[in-house]
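The structure file entry.csv is reproduced below (CSV, C-alpha atoms).
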chain,number,residue,atom,x,y,z
A,11,MET,CA,0.0,0.0,0.0
A,12,SER,CA,1.4,3.4,-1.0
A,13,LYS,CA,1.0,6.6,0.8
A,14,ARG,CA,1.0,10.3,-0.2
A,15,ILE,CA,3.2,12.2,2.3
A,16,LEU,CA,3.7,15.9,2.8
A,17,TYR,CA,7.0,16.2,4.7
A,18,ILE,CA,7.7,19.6,6.2
A,19,ALA,CA,11.4,20.2,6.8
A,20,PHE,CA,13.3,23.5,6.9
A,21,HIS,CA,16.7,21.7,6.5
A,22,PHE,CA,16.9,20.2,3.1
A,23,PRO,CA,19.6,20.3,0.3
A,24,PRO,CA,21.4,22.3,-0.8
A,25,ILE,CA,21.8,23.4,2.9
A,26,GLN,CA,25.3,22.8,4.2
A,27,MET,CA,25.0,23.7,7.9
A,28,SER,CA,22.9,20.9,9.4
A,29,SER,CA,23.6,17.2,9.8
A,30,GLY,CA,20.0,16.7,10.7
A,31,VAL,CA,19.1,17.2,7.0
A,32,HIS,CA,20.2,13.6,6.4
A,33,ARG,CA,17.5,12.1,8.6
A,34,THR,CA,14.9,13.7,6.4
A,35,LEU,CA,16.8,12.7,3.2
A,36,ALA,CA,17.0,9.1,4.3
A,37,PHE,CA,13.4,8.8,5.3
A,38,THR,CA,12.0,10.5,2.2
A,39,ARG,CA,14.3,8.4,0.0
A,40,TYR,CA,13.1,5.2,1.6
A,41,PHE,CA,9.5,6.2,1.3
A,42,ALA,CA,9.9,6.9,-2.4
A,43,GLU,CA,11.7,3.6,-2.9
A,44,GLN,CA,8.7,1.9,-1.4
A,45,GLY,CA,6.4,3.5,-4.0
A,46,ASP,CA,5.1,6.3,-1.8
A,47,ASN,CA,4.4,9.8,-3.3
A,48,VAL,CA,6.6,12.1,-1.2
A,49,THR,CA,6.6,15.9,-1.3
A,50,VAL,CA,9.0,17.9,0.8
A,51,LEU,CA,7.8,21.4,1.8
A,52,THR,CA,10.9,23.4,2.5
A,53,ALA,CA,12.4,26.9,2.6
A,54,SER,CA,13.8,29.0,-0.1
A,55,THR,CA,17.5,28.6,-0.4
A,56,LYS,CA,17.8,32.4,0.4
A,57,ALA,CA,17.0,31.5,4.0
A,58,TYR,CA,20.1,29.4,4.4
A,59,SER,CA,23.4,30.9,5.5
A,60,GLN,CA,25.5,28.1,4.0
A,61,CYS,CA,24.7,26.2,0.8
A,62,ASP,CA,26.5,23.9,-1.6
A,63,ASP,CA,24.8,23.2,-4.9
A,64,LYS,CA,26.5,19.8,-5.1
A,65,ASN,CA,24.2,18.7,-2.3
A,66,LEU,CA,21.3,19.0,-4.7
A,67,ALA,CA,22.4,15.7,-6.1
A,68,LEU,CA,21.5,14.0,-2.8
A,69,ILE,CA,17.8,14.6,-3.4
A,70,PRO,CA,16.3,11.5,-5.0
A,71,ALA,CA,14.6,12.2,-8.3
A,72,GLU,CA,11.4,10.6,-7.1
A,73,VAL,CA,11.0,13.1,-4.3
A,74,ASN,CA,9.0,16.3,-5.1
A,75,VAL,CA,10.3,19.5,-3.6
A,76,LEU,CA,8.2,22.6,-2.9
A,77,ARG,CA,10.2,25.7,-1.9
A,78,CYS,CA,8.5,28.6,-0.4
A,79,TYR,CA,9.2,32.1,0.8
A,80,ALA,CA,11.5,32.2,3.8
A,81,ARG,CA,14.1,34.7,5.0
A,82,ASP,CA,16.5,34.8,8.0
A,83,THR,CA,15.5,37.7,10.2
A,84,ALA,CA,19.0,38.2,11.4
A,85,LYS,CA,20.4,38.4,7.9
A,86,HIS,CA,17.6,40.0,5.8
A,87,PHE,CA,15.6,42.2,8.2
A,88,SER,CA,18.3,43.6,10.5
A,89,PHE,CA,19.8,47.0,10.6
A,90,LYS,CA,23.4,47.3,11.9
A,91,ASN,CA,23.0,43.6,13.1
A,92,LYS,CA,19.9,44.5,15.2
A,93,TYR,CA,16.3,43.5,14.6
A,94,ILE,CA,13.0,43.7,16.4
A,95,GLY,CA,12.6,40.8,18.8
A,96,TRP,CA,9.1,39.7,17.7
A,97,MET,CA,10.5,39.1,14.2
A,98,ALA,CA,12.4,36.1,15.5
A,99,LEU,CA,9.5,34.3,17.2
A,100,PRO,CA,9.4,31.3,17.4
A,101,ASP,CA,12.7,31.4,15.5
A,102,ARG,CA,14.6,33.6,13.0
A,103,TRP,CA,12.8,32.0,10.1
A,104,GLN,CA,9.2,33.0,11.1
A,105,SER,CA,8.6,34.3,7.6
A,106,TRP,CA,8.6,30.7,6.6
A,107,ILE,CA,5.4,30.1,8.6
A,108,LEU,CA,3.2,32.2,6.3
A,109,GLY,CA,5.0,31.1,3.1
A,110,GLY,CA,5.0,27.5,4.1
A,111,PHE,CA,1.5,27.4,5.3
A,112,LEU,CA,0.0,29.0,2.1
A,113,ARG,CA,1.9,26.7,-0.2
A,114,GLY,CA,1.4,23.6,1.9
A,115,TRP,CA,-2.3,24.3,2.3
A,116,ARG,CA,-2.8,24.7,-1.4
A,117,TYR,CA,-0.9,21.4,-2.0
A,118,ALA,CA,-3.0,19.7,0.6
A,119,LYS,CA,-6.3,20.9,-0.8
A,120,LYS,CA,-5.3,19.7,-4.3
A,121,TYR,CA,-3.7,16.4,-3.6
A,122,GLN,CA,-5.1,15.3,-0.2
A,123,PRO,CA,-2.0,13.6,1.3
A,124,ASP,CA,-2.5,10.8,3.7
A,125,VAL,CA,-0.2,12.2,6.4
A,126,ILE,CA,1.7,15.3,7.3
A,127,ILE,CA,5.2,14.9,8.9
A,128,SER,CA,7.0,17.9,10.4
A,129,THR,CA,10.5,17.9,11.7
A,130,TYR,CA,12.4,20.0,14.3
A,131,PRO,CA,14.8,21.7,15.2
A,132,ILE,CA,13.4,24.7,13.3
A,133,ALA,CA,10.2,25.1,15.3
A,134,SER,CA,8.5,26.9,12.4
A,135,ALA,CA,8.0,23.5,10.7
A,136,HIS,CA,5.6,22.3,13.5
A,137,PHE,CA,3.6,25.6,13.3
A,138,ILE,CA,3.1,25.1,9.6
A,139,ALA,CA,2.1,21.5,10.1
A,140,TYR,CA,-0.4,22.3,12.9
A,141,PHE,CA,-2.2,25.0,10.9
A,142,ILE,CA,-2.5,22.8,7.8
A,143,HIS,CA,-3.7,19.9,10.0
A,144,LYS,CA,-6.3,22.1,11.7
A,145,LEU,CA,-7.7,23.3,8.3
A,146,THR,CA,-7.7,19.9,6.5
A,147,GLY,CA,-7.9,17.2,9.2
A,148,ILE,CA,-5.0,15.4,7.6
A,149,PRO,CA,-3.2,13.2,10.3
A,150,TRP,CA,0.0,14.8,11.7
A,151,ILE,CA,3.2,13.3,12.9
A,152,ALA,CA,5.8,15.5,14.6
A,153,ASP,CA,9.4,14.4,14.5
A,154,PHE,CA,10.6,16.3,17.6
A,155,ARG,CA,13.9,14.4,17.6
A,156,ASP,CA,15.1,16.2,20.8
A,157,PRO,CA,13.0,17.9,23.6
A,158,MET,CA,11.8,21.3,22.5
A,159,LEU,CA,11.5,22.5,26.1
A,160,GLN,CA,14.1,21.7,28.7
A,161,LYS,CA,14.9,23.2,32.1
A,162,ASP,CA,17.0,26.1,30.8
A,163,TYR,CA,16.1,26.0,27.2
A,164,PRO,CA,15.0,28.1,25.4
A,165,ALA,CA,16.2,31.0,27.7
A,166,ASN,CA,14.1,33.7,26.0
A,167,PRO,CA,10.7,33.7,27.8
A,168,ARG,CA,8.7,34.6,24.7
A,169,VAL,CA,10.3,31.9,22.7
A,170,ARG,CA,9.7,29.5,25.6
A,171,LYS,CA,6.0,30.4,25.7
A,172,LEU,CA,5.6,29.7,21.9
A,173,PHE,CA,7.5,26.4,22.2
A,174,SER,CA,5.2,25.4,25.0
A,175,TRP,CA,2.2,26.4,23.0
A,176,ILE,CA,3.1,24.3,19.9
A,177,GLU,CA,4.2,21.4,22.2
A,178,LYS,CA,0.8,21.3,23.7
A,179,LYS,CA,-0.9,21.5,20.3
A,180,ALA,CA,1.3,18.6,19.1
A,181,ALA,CA,0.5,16.5,22.2
A,182,LYS,CA,-3.2,17.1,21.6
A,183,HIS,CA,-3.4,16.6,17.9
A,184,CYS,CA,-0.6,14.4,16.7
A,185,ARG,CA,-1.0,10.8,15.9
A,186,HIS,CA,2.6,10.3,16.8
A,187,ILE,CA,5.4,12.3,18.3
A,188,ILE,CA,8.8,10.9,17.6
A,189,PHE,CA,12.1,11.3,19.6
A,190,THR,CA,15.6,10.1,18.9
A,191,SER,CA,16.4,8.9,22.4
A,192,PRO,CA,14.5,7.0,25.1
A,193,GLY,CA,15.3,9.7,27.7
A,194,ALA,CA,13.4,12.3,25.7
A,195,LEU,CA,10.4,10.0,25.4
A,196,LYS,CA,10.3,9.4,29.2
A,197,LEU,CA,10.5,13.2,29.8
A,198,TYR,CA,7.4,13.8,27.6
A,199,GLN,CA,5.5,10.9,29.1
A,200,GLN,CA,5.9,12.6,32.5
A,201,ARG,CA,5.1,16.0,31.1
A,202,TYR,CA,1.9,14.9,29.4
A,203,PRO,CA,0.6,11.9,31.4
A,204,GLU,CA,-2.8,12.3,29.8
A,205,VAL,CA,-1.5,11.4,26.3
A,206,ALA,CA,-1.9,7.8,25.1
A,207,THR,CA,1.3,5.8,25.3
A,208,ASP,CA,1.4,4.8,21.7
A,209,VAL,CA,1.6,8.5,20.6
A,210,TRP,CA,5.2,8.6,21.8
A,211,GLN,CA,7.7,6.8,19.6
A,212,VAL,CA,11.5,6.5,19.6
A,213,LEU,CA,13.2,6.4,16.2
A,214,PRO,CA,16.9,6.9,16.8
A,215,ASN,CA,19.1,8.9,14.5
A,216,GLY,CA,21.3,6.7,12.3
A,217,TYR,CA,23.9,6.7,9.5
A,218,ASP,CA,23.0,6.7,5.8
A,219,GLU,CA,24.5,3.8,4.0
A,220,ALA,CA,23.7,5.3,0.6
A,221,LEU,CA,26.0,8.2,1.4
A,222,PHE,CA,28.8,6.0,2.7
A,223,GLU,CA,28.7,4.1,-0.6
A,224,GLN,CA,29.6,7.3,-2.3
A,225,VAL,CA,32.9,7.5,-0.5
A,226,THR,CA,35.7,6.7,-2.9
A,227,SER,CA,38.6,5.8,-0.7
A,228,SER,CA,39.5,5.0,2.9
A,229,GLN,CA,42.5,3.7,4.9
A,230,SER,CA,42.6,1.5,8.0
A,231,ALA,CA,46.2,1.6,9.2
A,232,ILE,CA,47.9,4.3,11.3
A,233,ALA,CA,50.4,6.2,9.1
A,234,ASP,CA,53.9,6.9,10.5
A,235,ASP,CA,52.8,5.9,14.0
A,236,LYS,CA,50.9,9.2,14.3
A,237,VAL,CA,47.3,9.0,15.4
A,238,THR,CA,44.8,11.3,13.8
A,239,LEU,CA,41.8,12.1,16.0
A,240,LEU,CA,38.9,13.8,14.3
A,241,HIS,CA,35.8,15.7,15.5
A,242,SER,CA,33.5,16.3,12.6
A,243,GLY,CA,30.9,19.0,13.0
A,244,THR,CA,29.7,21.9,15.1
A,245,ILE,CA,31.2,22.3,18.6
A,246,TYR,CA,28.7,24.4,20.7
A,247,PRO,CA,30.4,26.4,23.5
A,248,SER,CA,27.8,25.3,26.0
A,249,GLU,CA,26.5,21.9,24.9
A,250,ARG,CA,30.0,20.7,23.7
A,251,ASP,CA,32.4,23.0,25.6
A,252,PRO,CA,35.9,21.9,24.4
A,253,ILE,CA,37.9,23.9,27.0
A,254,PRO,CA,38.4,20.9,29.4
A,255,PHE,CA,39.5,18.8,26.4
A,256,PHE,CA,42.0,21.6,25.4
A,257,ASN,CA,43.3,21.7,28.9
A,258,ALA,CA,43.7,17.9,28.9
A,259,ILE,CA,45.8,18.1,25.7
A,260,ALA,CA,47.9,20.9,27.2
A,261,SER,CA,48.5,18.7,30.3
A,262,LEU,CA,49.5,15.7,28.1
A,263,LYS,CA,51.9,18.0,26.1
A,264,ARG,CA,53.6,19.1,29.3
A,265,GLN,CA,54.2,15.5,30.2
A,266,GLU,CA,55.4,14.7,26.7
A,267,PRO,CA,56.7,17.8,24.8
A,268,ASN,CA,56.9,15.9,21.5
A,269,LEU,CA,53.2,14.9,21.6
A,270,SER,CA,52.6,16.5,18.3
A,271,ASN,CA,54.8,13.7,16.7
A,272,LYS,CA,52.3,11.1,18.1
A,273,LEU,CA,48.9,12.8,17.9
A,274,SER,CA,47.2,15.1,15.4
A,275,ILE,CA,43.7,16.4,16.3
A,276,ILE,CA,41.4,17.8,13.6
A,277,LEU,CA,38.3,19.8,14.6
A,278,ARG,CA,36.4,20.0,11.4
A,279,SER,CA,33.8,22.8,10.9
A,280,THR,CA,33.4,23.8,14.5
A,281,GLY,CA,31.3,26.8,13.7
A,282,HIS,CA,33.2,28.7,16.4
A,283,ASP,CA,36.9,28.8,15.2
A,284,GLY,CA,37.2,32.5,16.1
A,285,LEU,CA,36.4,31.6,19.7
A,286,PHE,CA,38.7,28.6,20.0
A,287,LYS,CA,41.7,29.7,18.0
A,288,PRO,CA,43.1,32.1,20.7
A,289,VAL,CA,42.6,29.4,23.4
A,290,LEU,CA,44.7,27.0,21.4
A,291,GLN,CA,47.4,29.6,21.0
A,292,GLU,CA,47.4,30.5,24.6
A,293,LEU,CA,47.7,26.9,25.7
A,294,GLY,CA,50.4,26.2,23.1
A,295,ILE,CA,48.6,23.3,21.5
A,296,ASN,CA,47.9,24.7,18.1
A,297,ASP,CA,50.7,22.3,16.8
A,298,ILE,CA,48.5,19.4,17.8
A,299,ILE,CA,44.9,20.7,17.2
A,300,THR,CA,43.9,22.0,13.8
A,301,LEU,CA,40.7,24.0,13.2
A,302,ALA,CA,39.6,22.9,9.7
A,303,PRO,CA,37.0,24.4,7.3
A,304,ALA,CA,33.8,22.6,6.3
A,305,LEU,CA,33.7,19.8,3.8
A,306,SER,CA,30.9,18.5,1.6
A,307,TYR,CA,29.0,15.8,3.5
A,308,VAL,CA,30.4,12.9,1.5
A,309,LYS,CA,33.9,14.3,1.9
A,310,ALA,CA,33.3,14.5,5.6
A,311,LEU,CA,32.4,10.9,5.7
A,312,GLU,CA,35.5,10.0,3.8
A,313,GLU,CA,37.6,11.9,6.3
A,314,MET,CA,35.9,9.9,9.1
A,315,LEU,CA,36.9,6.7,7.4
A,316,ASN,CA,40.5,7.9,6.9
A,317,ALA,CA,40.9,9.0,10.6
A,318,ASP,CA,42.4,6.7,13.2
A,319,ALA,CA,39.9,7.6,15.9
A,320,LEU,CA,36.9,9.8,16.2
A,321,LEU,CA,36.0,12.4,18.9
A,322,LEU,CA,32.5,12.9,20.3
A,323,MET,CA,31.5,15.7,22.7
A,324,GLN,CA,28.1,16.0,24.5
A,325,ALA,CA,27.5,17.8,27.8
A,326,SER,CA,25.3,16.5,30.6
A,327,ASN,CA,22.7,19.1,29.9
A,328,CYS,CA,22.1,17.2,26.7
A,329,ASN,CA,21.6,13.8,28.3
A,330,TYR,CA,18.2,13.4,26.5
A,331,GLN,CA,19.9,13.9,23.1
A,332,THR,CA,22.1,11.8,20.9
A,333,PRO,CA,24.0,13.5,18.0
A,334,ALA,CA,23.6,12.0,14.6
A,335,LYS,CA,27.3,11.8,14.2
A,336,ALA,CA,27.4,9.1,16.9
A,337,TYR,CA,25.8,6.7,14.5
A,338,GLU,CA,28.1,7.7,11.7
A,339,TYR,CA,31.1,7.1,14.0
A,340,ILE,CA,29.8,3.5,14.7
A,341,ARG,CA,29.4,2.9,11.0
A,342,ALA,CA,32.9,4.1,10.3
A,343,GLN,CA,34.3,1.3,12.6
A,344,LYS,CA,36.8,3.5,14.3
A,345,PRO,CA,37.7,3.8,18.0
A,346,ILE,CA,35.8,6.6,19.7
A,347,LEU,CA,36.8,9.1,22.3
A,348,ALA,CA,33.4,9.9,23.8
A,349,LEU,CA,33.4,12.9,26.2
A,350,THR,CA,30.0,12.7,27.7
A,351,ASP,CA,28.0,11.9,30.8
A,352,ALA,CA,28.0,8.2,31.5
A,353,LYS,CA,24.3,8.5,32.5
A,354,GLY,CA,23.2,10.1,29.3
A,355,ASP,CA,21.6,8.6,26.2
A,356,THR,CA,24.7,9.4,24.1
A,357,ALA,CA,26.9,7.3,26.4
A,358,ASN,CA,24.4,4.4,26.3
A,359,LEU,CA,24.5,4.4,22.5
A,360,ILE,CA,28.2,4.9,22.0
A,361,LEU,CA,29.2,2.2,24.5
A,362,GLN,CA,27.3,-0.3,22.2
A,363,SER,CA,30.1,0.2,19.7
A,364,GLN,CA,32.4,-1.7,22.1
A,365,VAL,CA,35.3,0.5,21.0
A,366,ALA,CA,34.7,3.7,23.0
A,367,GLU,CA,36.8,5.4,25.7
A,368,LEU,CA,34.5,7.4,27.9
A,369,ALA,CA,35.2,10.5,30.1
A,370,PRO,CA,33.0,13.4,31.3
A,371,LEU,CA,33.2,16.4,29.0
A,372,ASN,CA,34.0,18.7,32.0
A,373,ASN,CA,36.8,16.6,33.6
A,374,SER,CA,40.3,17.2,32.2
A,375,GLU,CA,41.9,14.6,34.4
A,376,GLN,CA,39.6,11.8,33.3
A,377,ILE,CA,39.9,13.0,29.7
A,378,CYS,CA,43.7,12.6,29.9
A,379,THR,CA,43.3,9.0,31.2
A,380,ALA,CA,40.9,8.2,28.3
A,381,ILE,CA,43.2,9.6,25.7
A,382,LYS,CA,46.1,7.6,27.0
A,383,ALA,CA,44.0,4.4,26.9
A,384,LEU,CA,42.9,5.3,23.3
A,385,LEU,CA,46.5,5.7,22.1
A,386,THR,CA,47.8,2.6,23.9
A,387,LYS,CA,45.0,0.4,22.5
A,388,LEU,CA,45.4,1.8,19.0
A,389,GLN,CA,49.1,1.1,19.0
A,390,ASN,CA,48.5,-2.5,20.2
A,391,ASN,CA,45.5,-3.2,17.9
A,392,GLN,CA,43.3,-4.0,20.8
A,393,TYR,CA,40.0,-2.8,19.4
A,394,GLU,CA,37.5,-5.3,18.0
A,395,PHE,CA,34.6,-3.9,16.0
A,396,LEU,CA,31.0,-4.9,15.8
A,397,PRO,CA,30.0,-7.3,12.9
A,398,LYS,CA,28.4,-5.6,9.9
A,399,GLU,CA,25.0,-7.1,10.6
A,400,LYS,CA,24.9,-5.5,14.0
A,401,ILE,CA,26.1,-2.2,12.6
A,402,ALA,CA,23.3,-2.3,10.1
A,403,THR,CA,20.8,-1.9,12.9
A,404,PHE,CA,22.1,1.6,13.5
A,405,SER,CA,21.2,2.7,9.9
A,406,ARG,CA,18.6,5.3,9.0
A,407,VAL,CA,17.0,2.7,6.7
A,408,HIS,CA,16.3,0.6,9.7
A,409,GLN,CA,14.5,3.5,11.3
A,410,ALA,CA,12.7,4.5,8.1
A,411,LYS,CA,11.1,1.0,8.0
A,412,SER,CA,9.8,1.5,11.5
A,413,LEU,CA,8.4,5.0,10.6
A,414,ARG,CA,6.7,3.6,7.4
A,415,ASN,CA,5.1,0.9,9.5
A,416,LEU,CA,3.5,3.6,11.6
A,417,LEU,CA,2.3,5.4,8.4
A,418,LEU,CA,0.7,2.3,7.0
A,419,LYS,CA,-1.5,2.1,10.1
A,420,ILE,CA,-2.8,5.7,9.8
A,421,SER,CA,-6.0,6.5,8.1
A,422,ARG,CA,-8.0,9.7,8.1
A,423,VAL,CA,-11.0,9.8,10.4
Can the structure from this file be put into structure tokens for me?
Amino acid sequence: MSKRILYIAFHFPPIQMSSGVHRTLAFTRYFAEQGDNVTVLTASTKAYSQCDDKNLALIPAEVNVLRCYARDTAKHFSFKNKYIGWMALPDRWQSWILGGFLRGWRYAKKYQPDVIISTYPIASAHFIAYFIHKLTGIPWIADFRDPMLQKDYPANPRVRKLFSWIEKKAAKHCRHIIFTSPGALKLYQQRYPEVATDVWQVLPNGYDEALFEQVTSSQSAIADDKVTLLHSGTIYPSERDPIPFFNAIASLKRQEPNLSNKLSIILRSTGHDGLFKPVLQELGINDIITLAPALSYVKALEEMLNADALLLMQASNCNYQTPAKAYEYIRAQKPILALTDAKGDTANLILQSQVAELAPLNNSEQICTAIKALLTKLQNNQYEFLPKEKIATFSRVHQAKSLRNLLLKISRV
């Protein structure tokens, strides 16, 4: 049985700035392969701060794309880098709500899709989906991924109020609300005890095998006895604060002045190079740690496969969240230095790889110990990786099958 699906997602190729785009890509690709009619309602490329037209090739030919008016308030409607606060509610792309609603509503009236799926982290997508659902009665699934509301997030009280409003509307109207980690699901079950249990679903993030297949080369041996440790992607100053890690590297260098001959660390596309560069210089570790510019997604995967080990950072204030790169790291079959809370969902996942060295993100001493263990085990070839059939269970296709099974059970009332 095929379905007609309207998928509302702000992040979609050719955007370059978000790894979350690949969850939507993998799901919509799988639906199209199963014979579903899939239309993605997304934003004008003018709303994106970073684009790469090469990423357009990632969109399957069978997936229809509707782009609608959207602008970034901070970029397009500011004067001297300032703008009126209400113009960024619930987010800086609020202009997309009107443009997306009008185009999505016209599409829904004409083609009568079986289901609407909206995906966070840009909250505007859920607003668009809710308004279309209210006017048409089409069943709505919200892919929250991570919690929208947390103890200290969002900090802006007006944004928090709007997030709370759309959260409550989703809890009342959605057939399903999806999270990427069990901790997030439990949080919402406690927050909305009146909601039926089967509304809440967990569909973890994952890796996209179709993109890994595009990688042209990889290596597996450590070259010249020098270990390359790679972090691929944004390093948020609060959620992934690297300062204790920098201090740990500085401490190790004091113990071993020639550490740069043994260890090379690449921080690829941190998004905050200007903040981190002077810290590296002050600590005297810029001969070990390199801040590198962004790569295309496939090239970034290739770099993962060519690294000797992979670095993951996640603070304890994100214990209900699991970064998508964690799954890509498992697929890459490389040892992982995981700097995260042992009680969090990220640690629970990454330890399943059986090749992870774990330490709290905020504890330099324990980070030093974990790095020493990583280097020793690498040199002695002590890591044993999961078999391919087990790794396959971490793929996005595996999760897409589960989501499609939910869709097949949905019918309009």
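For the choices A:Phe395, A:Ala194, A:Leu311, A:Gln324, the atom-to-atom distance to A:Glu219 is smallest for A:Leu311 when using only C-alpha atoms.
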Inset, instruction - Would you please work out which residue, of A:Phe256, A:Trp175, A:Phe87, A:Phe189, is nearest to A:Tyr330 when using all atoms listed in the file? - result: A:Phe189
Legend entry - Spatial neighbours of A:Ala133, 8 Å, all atoms listed in the file, chain gap at least 5 places, as number ranges by chain: A: 100-101, 173
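Using only C-alpha atoms, the smallest distance between any of A:Gln122, A:Thr190, A:Ser248, A:Asn257 and A:Cys378 comes from A:Asn257.
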Please determine the residues with any atom at most 8 Å from (21.0, 14.5, 22.0) (coordinates as given in the file, with only C-alpha atoms counting) and report them as a compact mmCIF listing (two decimals) with C-alpha atoms, in the coordinates of the input.
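Result file is part_5.txt:
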# COMPACT_ATOMS: atom_id res chain seq x y z
CA ASP A 156 15.10 16.20 20.80
CA THR A 190 15.60 10.10 18.90
CA SER A 191 16.40 8.90 22.40
CA GLN A 324 28.10 16.00 24.50
CA CYS A 328 22.10 17.20 26.70
CA ASN A 329 21.60 13.80 28.30
CA TYR A 330 18.20 13.40 26.50
CA GLN A 331 19.90 13.90 23.10
CA THR A 332 22.10 11.80 20.90
CA PRO A 333 24.00 13.50 18.00
CA ASP A 355 21.60 8.60 26.20
CA THR A 356 24.70 9.40 24.10
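Across the model, the gap from atom CA of A:Ser242 to atom CA of A:Thr350 is 15.9 Å.
Proximity ranking of A:Ser405, A:Ser105, A:Gln44, A:Ser326 relative to A:Asn373 places A:Ser326 first, based on all atoms listed in the file.
Within the 9 Å cut-off around A:His183, using all atoms listed in the file and omitting residues fewer than 3 positions from it on the same chain, the listed residues are Tyr140, His143, Lys144, Pro149, Trp150, Ile151, Lys178, Lys179, Ala180 and His186 of chain A.
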Legend entry - Option closest in space to A:Thr386, from A:Val237, A:Ala36, A:Arg102, A:Gly284 [counting all atoms listed in the file]: A:Val237
Inset, instruction - Please provide the set of residues having any atom within 8 Å of A:Gly109, restricted to all atoms listed in the file, with same-chain residues fewer than 4 positions apart removed, written as a list in words. - result: Cys78, Tyr79, Ala80, Ser105 and Arg113 of chain A
Output file for the residues above (C-alpha atoms, as a PDB file, in the frame of the given file):
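To be explicit, this is the file written out as part20.pdb:
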ATOM      1  CA  CYS A  78       8.500  28.600  -0.400  1.00  0.00           C
ATOM      2  CA  TYR A  79       9.200  32.100   0.800  1.00  0.00           C
ATOM      3  CA  ALA A  80      11.500  32.200   3.800  1.00  0.00           C
ATOM      4  CA  SER A 105       8.600  34.300   7.600  1.00  0.00           C
ATOM      5  CA  ARG A 113       1.900  26.700  -0.200  1.00  0.00           C
TER       6      ARG A 113
END
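Selection around (33.3, 18.4, 31.5) with radius 10 Å, counting all atoms listed in the file, yields the residues Arg250, Asp251, Pro252, Ile253, Pro254, Phe255, Met323, Gln324, Ala325, Ser326, Leu349, Thr350, Asp351, Ala369, Pro370, Leu371, Asn372, Asn373, Ser374, Glu375, Gln376 and Ile377 of chain A.
Between A:Asp162 and the candidates A:Glu249, A:Ile69, A:Leu417, A:Leu277, the tightest atom-to-atom separation, counting only C-alpha atoms, involves A:Glu249.
Atom pair atom CA of A:Trp106 / atom CA of A:Ala410 has a distance of 26.6 Å (rounded to one decimal).
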Inset, instruction - Please identify all polymer residues within 10 Å of A:Ala67, counting all atoms listed in the file, omitting same-chain residues fewer than 3 positions from it, and present them as a PyMOL selection string. - result: chain A and resi 23-24+63-64+70-71
Atoms to include: C-alpha atoms. Write the selected residues as an mmCIF file, in the frame of the given file.
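See result14.cif below for the written result:
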data_model
loop_
_atom_site.group_PDB
_atom_site.id
_atom_site.type_symbol
_atom_site.label_atom_id
_atom_site.label_comp_id
_atom_site.auth_asym_id
_atom_site.auth_seq_id
_atom_site.Cartn_x
_atom_site.Cartn_y
_atom_site.Cartn_z
ATOM 1 C CA PRO A 23 19.600 20.300 0.300
ATOM 2 C CA PRO A 24 21.400 22.300 -0.800
ATOM 3 C CA ASP A 63 24.800 23.200 -4.900
ATOM 4 C CA LYS A 64 26.500 19.800 -5.100
ATOM 5 C CA PRO A 70 16.300 11.500 -5.000
ATOM 6 C CA ALA A 71 14.600 12.200 -8.300
#
Inset, instruction - Give me, please, the distance in Å between atom CA of A:Phe111 and atom CA of A:Ala139, quoted to one decimal. - result: 7.6 Å
Inset, instruction - Write out as number ranges by chain the residues lying within 12 Å of A:Leu273, counting all atoms listed in the file and excluding same-chain residues fewer than 3 positions away. - result: A: 232-240, 259, 262-263, 266-270, 276, 295-300, 317-319, 381-382, 384-386, 388-389
